[in-house]
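Q: This is the structure I have questions about; it appears just below.
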Amino acid sequence: MSDEETTMLDRPAADRATVATPHTTAGPTWLGPVLIVGIVLAALNLRPAITSLGALFEETRTGLGMSGTVAGLITSVPALCFAVFGVTAPRLSRRFGPVAVVCAGMAAVAAGLLIRPFADGSAGFLAASALSLAGIALTNVLLPVIVKRYFPDRVGTLTGLYSMALAAGTSLAAAATVPLTDALGGSWRTGLLMWASLAVAAVLLWLPLARAARRADRAAAVAARSGASAAVRTDAGPRVARSRTAWALACYFGLQATGAYITMGWLPQIFRDAGVSASTAGVLLAVTMVMGVPLAFVIPGLAGRMRNQGAIAVTLGVFGLTGYLGLYVAPAAGAWAWALLLGVSNCAFPLVITMIGLRAKSPAGVVKLSAFAQSTGYLISIPGPLVIGALYQHSQGHLPAVAGGSWDLPLALMAGLLVPQIALGVLAGRDRTIEDECGVRD
């Protein structure tokens with residue numbers, strides 16, 4: 001490692017986010033600008049496979065003759081796939097390089113989206129969905145790694161850019177799938193198939209990126225062997241399970257994901273039970289999701305300039321607590337305000353992704369931390385929506401059917417989960433790295 005790189009890694013997080021360092025991998029002059037476009041396009045593809053299905057779930061269930069058990073399994077598959085396949089990302093990245101793996105991930109997303117509309121049964125549909133979700137899982141883990149590796153001086157800005165693209169893709173698929181399906185003839189198969197075109201476009205862009213990055217990696221390896229430059233070992237890195245910061249990030253990731261999945265799955269029902277019409281409840285959910293588009297760009301940039309990101313975690317948590325309190329007190333009267341507040345609170349996702357890039361010094365550290373935090377976090381998030389549903393059904397059977405009455409216990413749990421989330425955000429936001437905690441020297 002060069003003296004300039006060593007000096008850079010000794011700086012606090014705020015300085016690392018704003019001071020330029022040499023790229024760890026040399027490449028053609030066009031690689032950087034095109035890679036930025038590729039990152040944005042990949043991020044746009046990270047949620048339409050999920051939210052487009054949610055918009056047409058009833059039609060899909062009917063068309064495939066799904067049982068209630070299978071339907072419930074499909075709704076829980078995303079978090080499970082993110083956890084299981086995300087663990088494989090570090091090994092694949094070491095073997096093939098992160099750019100090549102993201103390219104393969106986009107190919108898996110495209111293949112799954114192309115196959116599943118033609119499935120004749122639930123098993124085939126589930127398998128094709130799992131293929132797309134596996135590709136999303138790999139990309140989830142490795143996008144922060146690519147940002148850290150190729151743009152170490154712009155971690156906050158680039159993280160904000162792809163977080164904003166991810167939020168835009170989520171909102172676009174949720175809002176546009178049904179109208180576009182109706183315009184194209186009304187078939188749910190067509191409605192799901194059309195999102196494959198976005199994934200195919202991403203594959204076409206990432207193929208030349210993967211080839212260029214591979215050639216650059218080989219050239220760097222040759223130069224290192226000849227003694228012309230120092231190489232950054234991609235198979236090195238700390239044992240992240242020994243780091244308290246890594247565990248804080250993983251648990252923070254899990255709790256914020258729990259809140260996001262609960263919001264996406266249950267917020268419209270909360271409003272409908274309070275007397276809000278079904279169409280308005282859907283718009284309110286869209287408002288909550290759209291809030292993530294501008295804030296997903298602002299928050300990472302702000303976090304990258306700060307030495308300690310705990311204050312942002314506290315602020316987002318307070319917005320969420322206020323939103324849940326509002327849903328408890330006056331769910332219908334203040335519906336728009338509560339939707340906005342919860343939308344701000346759900347922007348903990350771009351914050352934790354930014355902190356993953358700031359809490360590790362090297363690309364090897366980032367890939368291990370990203371895989372650990374996201375895989376562990378998604379496992380933590382799996383029970384949340386199921387528990388809320390069980391509490392809701394229990395409350396319906398034991399409380400009077402008044403507006404908001406059956407949601408008292410679920411709302412209390414949702415608000416209660418924000419308390420440890422805030423505490424973990426403060427711990428994860430401290431200005432330290434996992435390498436320092438694990439005793440790994442540069």
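In the structure tokens, each chain is lettered A, B, ... as it comes, each chain's residues begin at 1, and ligands are numbered from 1 in order of appearance.
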Pull the closest atom pair for each residue of segment 100-205 of chain A that gets at most 8 Å from segment 28-44 of chain A, along with the distance in Å to one decimal, counting only C-alpha atoms, ordering rows by chain and then ascending residue number, as a tab-separated table.
A:
```
residue	atom	partner	partner_atom	distance
A:Met106	CA	A:Ala42	CA	7.1
A:Thr139	CA	A:Ala42	CA	7.7
A:Leu143	CA	A:Ile39	CA	7.1
A:Tyr150	CA	A:Gly32	CA	7.3
A:Leu158	CA	A:Ile36	CA	7.8
A:Leu161	CA	A:Val40	CA	6.9
A:Tyr162	CA	A:Val40	CA	5.1
A:Ser163	CA	A:Ala43	CA	7.2
A:Ala165	CA	A:Leu44	CA	5.2
A:Leu166	CA	A:Ala43	CA	4.7
A:Ala167	CA	A:Leu44	CA	7.8
A:Ala168	CA	A:Leu44	CA	6.8
A:Gly169	CA	A:Leu44	CA	4.5
A:Thr170	CA	A:Leu44	CA	7.6
A:Ala199	CA	A:Ala42	CA	7.8
A:Ala202	CA	A:Leu41	CA	5.8
A:Leu205	CA	A:Gly38	CA	6.4
```
Q: Can I get the selected residues back with N, CA and C atoms, as a PDB file, in the first residue's frame?
A:
```pdb
ATOM      1  N   MET A 106     -26.924  -9.234 -12.736  1.00  0.00           N
ATOM      2  CA  MET A 106     -27.913  -8.619 -13.620  1.00  0.00           C
ATOM      3  C   MET A 106     -28.445  -9.627 -14.642  1.00  0.00           C
ATOM      4  N   THR A 139     -25.866  -8.299  -6.171  1.00  0.00           N
ATOM      5  CA  THR A 139     -25.688  -6.889  -6.506  1.00  0.00           C
ATOM      6  C   THR A 139     -25.845  -6.008  -5.277  1.00  0.00           C
ATOM      7  N   LEU A 143     -22.455  -3.598  -4.815  1.00  0.00           N
ATOM      8  CA  LEU A 143     -22.460  -2.199  -5.252  1.00  0.00           C
ATOM      9  C   LEU A 143     -21.675  -1.295  -4.294  1.00  0.00           C
ATOM     10  N   TYR A 150     -13.657   1.872  -6.822  1.00  0.00           N
ATOM     11  CA  TYR A 150     -13.397   2.715  -7.979  1.00  0.00           C
ATOM     12  C   TYR A 150     -13.607   4.202  -7.715  1.00  0.00           C
ATOM     13  N   LEU A 158     -21.735   8.798  -4.551  1.00  0.00           N
ATOM     14  CA  LEU A 158     -22.131   7.656  -5.376  1.00  0.00           C
ATOM     15  C   LEU A 158     -23.119   6.747  -4.651  1.00  0.00           C
ATOM     16  N   LEU A 161     -26.370   8.375  -5.031  1.00  0.00           N
ATOM     17  CA  LEU A 161     -26.887   8.263  -6.391  1.00  0.00           C
ATOM     18  C   LEU A 161     -27.558   6.915  -6.616  1.00  0.00           C
ATOM     19  N   TYR A 162     -26.887   5.820  -6.200  1.00  0.00           N
ATOM     20  CA  TYR A 162     -27.520   4.520  -6.465  1.00  0.00           C
ATOM     21  C   TYR A 162     -28.641   4.222  -5.468  1.00  0.00           C
ATOM     22  N   SER A 163     -28.574   4.800  -4.262  1.00  0.00           N
ATOM     23  CA  SER A 163     -29.703   4.646  -3.338  1.00  0.00           C
ATOM     24  C   SER A 163     -30.939   5.345  -3.884  1.00  0.00           C
ATOM     25  N   ALA A 165     -31.519   5.839  -7.088  1.00  0.00           N
ATOM     26  CA  ALA A 165     -31.984   5.026  -8.209  1.00  0.00           C
ATOM     27  C   ALA A 165     -32.756   3.809  -7.714  1.00  0.00           C
ATOM     28  N   LEU A 166     -32.284   3.191  -6.630  1.00  0.00           N
ATOM     29  CA  LEU A 166     -32.995   2.045  -6.064  1.00  0.00           C
ATOM     30  C   LEU A 166     -34.402   2.442  -5.617  1.00  0.00           C
ATOM     31  N   ALA A 167     -34.505   3.579  -4.920  1.00  0.00           N
ATOM     32  CA  ALA A 167     -35.811   4.055  -4.464  1.00  0.00           C
ATOM     33  C   ALA A 167     -36.708   4.396  -5.649  1.00  0.00           C
ATOM     34  N   ALA A 168     -36.124   4.976  -6.695  1.00  0.00           N
ATOM     35  CA  ALA A 168     -36.903   5.322  -7.881  1.00  0.00           C
ATOM     36  C   ALA A 168     -37.427   4.063  -8.571  1.00  0.00           C
ATOM     37  N   GLY A 169     -36.571   3.038  -8.672  1.00  0.00           N
ATOM     38  CA  GLY A 169     -37.014   1.786  -9.274  1.00  0.00           C
ATOM     39  C   GLY A 169     -38.121   1.120  -8.477  1.00  0.00           C
ATOM     40  N   THR A 170     -37.998   1.179  -7.154  1.00  0.00           N
ATOM     41  CA  THR A 170     -39.031   0.614  -6.283  1.00  0.00           C
ATOM     42  C   THR A 170     -40.365   1.310  -6.495  1.00  0.00           C
ATOM     43  N   ALA A 199     -33.781  -4.994 -17.026  1.00  0.00           N
ATOM     44  CA  ALA A 199     -32.659  -5.836 -16.613  1.00  0.00           C
ATOM     45  C   ALA A 199     -31.774  -6.203 -17.802  1.00  0.00           C
ATOM     46  N   ALA A 202     -29.443  -3.457 -18.513  1.00  0.00           N
ATOM     47  CA  ALA A 202     -28.335  -3.430 -17.556  1.00  0.00           C
ATOM     48  C   ALA A 202     -27.261  -4.449 -17.934  1.00  0.00           C
ATOM     49  N   LEU A 205     -25.008  -3.242 -20.716  1.00  0.00           N
ATOM     50  CA  LEU A 205     -24.035  -2.227 -20.298  1.00  0.00           C
ATOM     51  C   LEU A 205     -22.932  -2.823 -19.439  1.00  0.00           C
TER      52      LEU A 205
END
```
Q: Using only C-alpha atoms, find each residue in segment 129-176 of chain A having at least one atom no more than 10 Å away from segment 54-57 of chain A; report its shortest atom-to-atom pair and that distance in Å (one decimal), rows by chain then rising number, as a tab-separated table.
A:
```
residue	atom	partner	partner_atom	distance
A:Ala173	CA	A:Ala55	CA	8.2
A:Ala174	CA	A:Ala55	CA	6.1
A:Ala175	CA	A:Ala55	CA	8.1
A:Ala176	CA	A:Ala55	CA	9.0
```
Q: Got time to write the residues from that selection, C-alpha atoms, as a short mmCIF file (atom, residue, chain, number, x, y, z; two decimals), in the first residue's frame?
A:
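The new file again26.cif reads:
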```cif
data_model
loop_
_atom_site.label_atom_id
_atom_site.label_comp_id
_atom_site.auth_asym_id
_atom_site.auth_seq_id
_atom_site.Cartn_x
_atom_site.Cartn_y
_atom_site.Cartn_z
CA ALA A 173 -42.55 -0.51 -10.43
CA ALA A 174 -45.13 -0.15 -7.66
CA ALA A 175 -46.92 2.77 -9.31
CA ALA A 176 -46.63 1.94 -13.01
#
```
Q: Would you kindly return, as a PyMOL selection string, each protein, DNA or RNA residue with an atom no farther than 8 Å from any atom of Ala100 of chain A, considering only C-alpha atoms and excluding same-chain residues fewer than 4 positions away?
A: chain A and resi 93+96+104+206-207+209-211+213-214
Q: When you look at Gly323 of chain A with a cut-off of 12 Å (counting only C-alpha atoms), what residues show up, excluding the ones that are within fewer than 5 positions of it in the same chain? I need them as a VMD selection string.
A: chain A and resid 263 267 288 316 to 318 328 to 331 334 to 346 411 to 412 414 to 415 418
Q: Under the rule that only C-alpha atoms are counted, which of A:Thr245, A:Thr60, A:Gln374, A:Thr88 is the nearest residue to Leu427 of chain A?
A: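 The answer is A:Thr245, which sits nearest to Leu427 of chain A.
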Q: Identify which of the residues A:Ala128, A:Leu325, A:Leu386, A:Ala134 lies closest to Leu114 of chain A, counting only C-alpha atoms when measuring atom-to-atom distances.
A: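 With only C-alpha atoms as the atom set, the closest residue is A:Ala128.
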Q: Can you list, as an NGL selection string, all residues belonging to segment 99-334 of chain A that DSSP tags as helix (DSSP H, G or I)?
A: :A and (99-118 or 122-150 or 155-183 or 188-193 or 196-225 or 240-242 or 244-273 or 278-290 or 292-304 or 310-329)
Q: Val77 of chain A: which residues within 9 Å, counting only C-alpha atoms, same-chain residues fewer than 3 positions away excluded, as a PyMOL selection string?
A: chain A and resi 72-74+80-82+126+129-130+133+382
Q: I need the residue nearest Pro300 of chain A from this list: A:Ser395, A:Thr159, A:Ser362, A:Thr258. Use only C-alpha atoms for the distance.
A: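 Closest residue, counting only C-alpha atoms: A:Thr159.
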Q: To one decimal in Å, tell me the separation between atom CA of Leu424 of chain A and atom CA of Ala248 of chain A.
A: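 Between atom CA of Leu424 of chain A and atom CA of Ala248 of chain A the gap is 5.4 Å.
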Q: Taking 4 positions as the minimum chain separation for residues in the same chain, which residues sit within 12 Å of Gln269 of chain A when counting only C-alpha atoms? Answer as a ChimeraX atom specification.
A: /A:262-265,273-282,284-285,327,331-332,388-389,392,403-404,406-407
Q: I'd like to know which of A:Tyr378, A:Gly97, A:Gln256, A:Leu369 is closest to Gly320 of chain A, using only C-alpha atoms.
A: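 Once distances to Gly320 of chain A are computed over only C-alpha atoms, the minimum belongs to A:Gln256.
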Q: Need to verify the contact set: Ile356 of chain A, 10 Å, only C-alpha atoms, exclusion of same-chain residues closer than 3 positions in sequence. Can you return it as a compact mmCIF listing (two decimals) with C-alpha atoms, in the first residue's frame?
A:
```txt
# COMPACT_ATOMS: atom_id res chain seq x y z
CA PRO A 144 -20.98 -0.62 -2.07
CA VAL A 145 -17.76 -2.53 -2.82
CA LYS A 148 -15.42 2.02 -2.49
CA THR A 245 -19.24 -2.20 14.80
CA ALA A 246 -19.98 -4.94 12.25
CA LEU A 249 -24.35 -2.41 11.46
CA ALA A 250 -25.87 -5.85 10.85
CA PRO A 350 -29.16 4.65 2.37
CA LEU A 351 -27.64 5.65 5.71
CA VAL A 352 -26.59 2.11 6.63
CA ILE A 353 -25.27 1.44 3.11
CA ARG A 359 -16.58 1.60 8.47
CA ALA A 360 -13.98 -0.37 6.47
CA GLY A 365 -12.99 -5.09 4.22
CA VAL A 366 -15.99 -3.49 2.54
CA VAL A 367 -16.99 -6.66 0.68
CA LYS A 368 -16.83 -8.72 3.88
CA LEU A 369 -18.67 -6.10 5.92
CA SER A 370 -21.33 -5.60 3.23
CA ALA A 371 -21.99 -9.34 2.96
CA ALA A 373 -24.28 -6.82 7.50
CA GLN A 374 -26.77 -7.47 4.70
CA ALA A 428 -22.62 1.90 14.13
CA GLY A 429 -22.12 5.59 13.42
CA THR A 433 -13.28 0.88 11.30
CA ILE A 434 -13.65 -2.87 11.54
```
Q: Could you tell me how far atom CA of Ser122 of chain A lies from atom CA of Gly63 of chain A, in Å and to one decimal?
A: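 Taking atom CA of Ser122 of chain A as the start and atom CA of Gly63 of chain A as the end point, the length is 9.8 Å.
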Q: Rounded to one decimal, what separation in Å do you get between atom CA of Trp195 of chain A and atom CA of Ala257 of chain A?
A: 23.7 Å
Q: Would you mind telling me which residue in A:Cys347, A:Ala219, A:Leu53, A:Leu92 lies nearest to Met291 of chain A when using only C-alpha atoms?
A: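 When distances to Met291 of chain A are compared using only C-alpha atoms, the smallest one comes from A:Cys347.
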